[in-house]
Amino acid sequence: MDIKDTLQKHPPTRDNLLLILHEIQRENPGNNITHSDIRQVAKYLNTTTASVYGVVRYYSIFSMNPRGKYIIRFCKSPVCMMVGAFNLLNVLEKELTIRVGETTSDMLFTLEPSECLGHCDKAPVMMLNDTVYYNLDEARLKNIINYLREKEHKKQTKS
């Protein structure tokens with residue numbers, strides 16, 4: 001979908017800014033928001049590019065850097081850390097061969113920190129795109145990653 005199509009789906013009012021930015025990022029193959037996107041959104045909403053940049057920079061869910069198809073937000077809150085998230089984060093970095101804040105070379109996974117995902121009673125927790133995974137352990141974590149890798153591999157071999 002083209003950015004103009006995305007913009008036209010929403011009335012040009014500032015209260016639609018977050019919704020528009022989420023859609024643009026989701027539709028962008030790099031899973032990010034570009035400088036051009038920001039300029040077009042600002043023009044459409046009749047506001048300054050600085051105000052749109054401010055929103056994009058303020059919310060950690062938005063990124064101007066290209067990211068992987070699967071964005072893993074790993075909770076690093078004290079509760080998650082107390083029940084083993086730190087060890088699981090190390091497992092995840094080894095499994096993906098990247099560090100927090102990086103993207104795999106195949107552009108499949110990006111690993112991002114999250115202050116809290118709001119599910120402390122089910123910690124440790126991670127969010128993979130829009131899906132939250134609870135009560136994680138090493139085996140479950142590896143199964144999720146391997147499942148997604150196999151799924152993508154099958155897609156590539158069919159093409």
# chains A, B, ... in the order shown; residues from 1 in each chain; ligands from 1

call {"tool": "select_by_dssp", "arguments": {"residues": "segment 17-143 of chain A", "states": "strand (DSSP E or B)", "output": "list in words"}}
result
Tyr70, Ile71, Ile72, Arg73, Phe74, Cys75, Thr103, Phe109, Thr110, Leu111, Glu112, Pro113, Ser114, Met126, Met127, Leu128, Thr131, Val132 and Tyr133 of chain A

call {"tool": "residues_around", "arguments": {"residues": "segment 143-156 of chain A", "least_positions_apart": "3", "cutoff": "12 Å", "atoms": "only C-alpha atoms", "output": "MDAnalysis selection string"}}
result
chainID A and resid 69:72 91:96 104 106:111 126:128 131:134 136:140 159

call {"tool": "closest_residue", "arguments": {"among": "A:Arg26, A:Gly54, A:Asp5, A:Gly68", "to": "Gln40 of chain A", "atoms": "only C-alpha atoms"}}
result
A:Asp5

call {"tool": "residues_around", "arguments": {"residues": "Pro78 of chain A", "least_positions_apart": "6", "cutoff": "10 Å", "atoms": "only C-alpha atoms", "output": "mmCIF file with N, CA and C atoms, in the first residue's frame"}}
result
data_model
loop_
_atom_site.group_PDB
_atom_site.id
_atom_site.type_symbol
_atom_site.label_atom_id
_atom_site.label_comp_id
_atom_site.auth_asym_id
_atom_site.auth_seq_id
_atom_site.Cartn_x
_atom_site.Cartn_y
_atom_site.Cartn_z
ATOM 1 N N ALA A 85 14.530 -13.214 33.120
ATOM 2 C CA ALA A 85 14.563 -12.597 31.793
ATOM 3 C C ALA A 85 15.981 -12.276 31.338
ATOM 4 N N PHE A 86 16.859 -11.923 32.262
ATOM 5 C CA PHE A 86 18.232 -11.595 31.877
ATOM 6 C C PHE A 86 18.899 -12.799 31.221
ATOM 7 N N GLU A 115 10.640 -1.487 28.462
ATOM 8 C CA GLU A 115 10.630 -1.236 29.908
ATOM 9 C C GLU A 115 9.628 -2.129 30.617
ATOM 10 N N CYS A 116 8.441 -2.265 30.095
ATOM 11 C CA CYS A 116 7.424 -3.116 30.715
ATOM 12 C C CYS A 116 6.365 -3.416 29.669
ATOM 13 N N CYS A 120 3.245 -8.579 34.289
ATOM 14 C CA CYS A 120 4.196 -8.986 35.331
ATOM 15 C C CYS A 120 3.816 -10.306 35.987
#

call {"tool": "select_by_dssp", "arguments": {"residues": "segment 25-144 of chain A", "states": "alpha helix (DSSP H)", "output": "VMD selection string"}}
result
chain A and resid 25 to 27 35 to 44 49 to 58 78 to 82 85 to 96 138 to 144

call {"tool": "decode", "arguments": {"residues": "segment 138-159 of chain A", "atoms": "N, CA and C atoms", "output": "short mmCIF file (atom, residue, chain, number, x, y, z; two decimals), in the first residue's frame"}}
result
data_model
loop_
_atom_site.label_atom_id
_atom_site.label_comp_id
_atom_site.auth_asym_id
_atom_site.auth_seq_id
_atom_site.Cartn_x
_atom_site.Cartn_y
_atom_site.Cartn_z
N GLU A 138 13.78 -21.16 28.31
CA GLU A 138 14.73 -21.29 27.21
C GLU A 138 14.19 -22.15 26.06
N ALA A 139 13.59 -23.27 26.37
CA ALA A 139 13.08 -24.16 25.33
C ALA A 139 11.98 -23.48 24.52
N ARG A 140 11.05 -22.83 25.20
CA ARG A 140 9.94 -22.17 24.50
C ARG A 140 10.47 -21.04 23.62
N LEU A 141 11.41 -20.30 24.13
CA LEU A 141 12.01 -19.20 23.38
C LEU A 141 12.65 -19.71 22.08
N LYS A 142 13.45 -20.76 22.20
CA LYS A 142 14.10 -21.34 21.02
C LYS A 142 13.08 -21.91 20.04
N ASN A 143 12.02 -22.53 20.55
CA ASN A 143 10.97 -23.07 19.67
C ASN A 143 10.30 -21.98 18.85
N ILE A 144 10.02 -20.86 19.48
CA ILE A 144 9.38 -19.74 18.78
C ILE A 144 10.27 -19.24 17.65
N ILE A 145 11.54 -19.03 17.95
CA ILE A 145 12.49 -18.53 16.94
C ILE A 145 12.65 -19.54 15.81
N ASN A 146 12.82 -20.81 16.15
CA ASN A 146 12.99 -21.85 15.13
C ASN A 146 11.75 -22.00 14.26
N TYR A 147 10.58 -21.89 14.86
CA TYR A 147 9.34 -21.97 14.09
C TYR A 147 9.29 -20.86 13.04
N LEU A 148 9.62 -19.64 13.45
CA LEU A 148 9.58 -18.50 12.52
C LEU A 148 10.65 -18.64 11.43
N ARG A 149 11.81 -19.11 11.79
CA ARG A 149 12.86 -19.34 10.78
C ARG A 149 12.41 -20.37 9.75
N GLU A 150 11.84 -21.47 10.22
CA GLU A 150 11.36 -22.51 9.30
C GLU A 150 10.23 -21.99 8.42
N LYS A 151 9.34 -21.23 9.00
CA LYS A 151 8.22 -20.64 8.25
C LYS A 151 8.74 -19.75 7.12
N GLU A 152 9.73 -18.92 7.43
CA GLU A 152 10.30 -18.03 6.41
C GLU A 152 11.09 -18.81 5.36
N HIS A 153 11.79 -19.85 5.81
CA HIS A 153 12.56 -20.69 4.88
C HIS A 153 11.61 -21.36 3.88
N LYS A 154 10.48 -21.86 4.36
CA LYS A 154 9.49 -22.50 3.48
C LYS A 154 8.94 -21.50 2.47
N LYS A 155 8.69 -20.28 2.90
CA LYS A 155 8.21 -19.24 1.99
C LYS A 155 9.22 -18.97 0.89
N GLN A 156 10.51 -18.92 1.25
CA GLN A 156 11.55 -18.62 0.29
C GLN A 156 11.73 -19.76 -0.72
N THR A 157 11.60 -20.99 -0.27
CA THR A 157 11.79 -22.12 -1.17
C THR A 157 10.61 -22.29 -2.12
N LYS A 158 9.44 -21.76 -1.75
CA LYS A 158 8.27 -21.80 -2.64
C LYS A 158 8.35 -20.76 -3.73
N SER A 159 9.09 -19.67 -3.45
CA SER A 159 9.17 -18.55 -4.41
C SER A 159 10.03 -18.88 -5.60
#
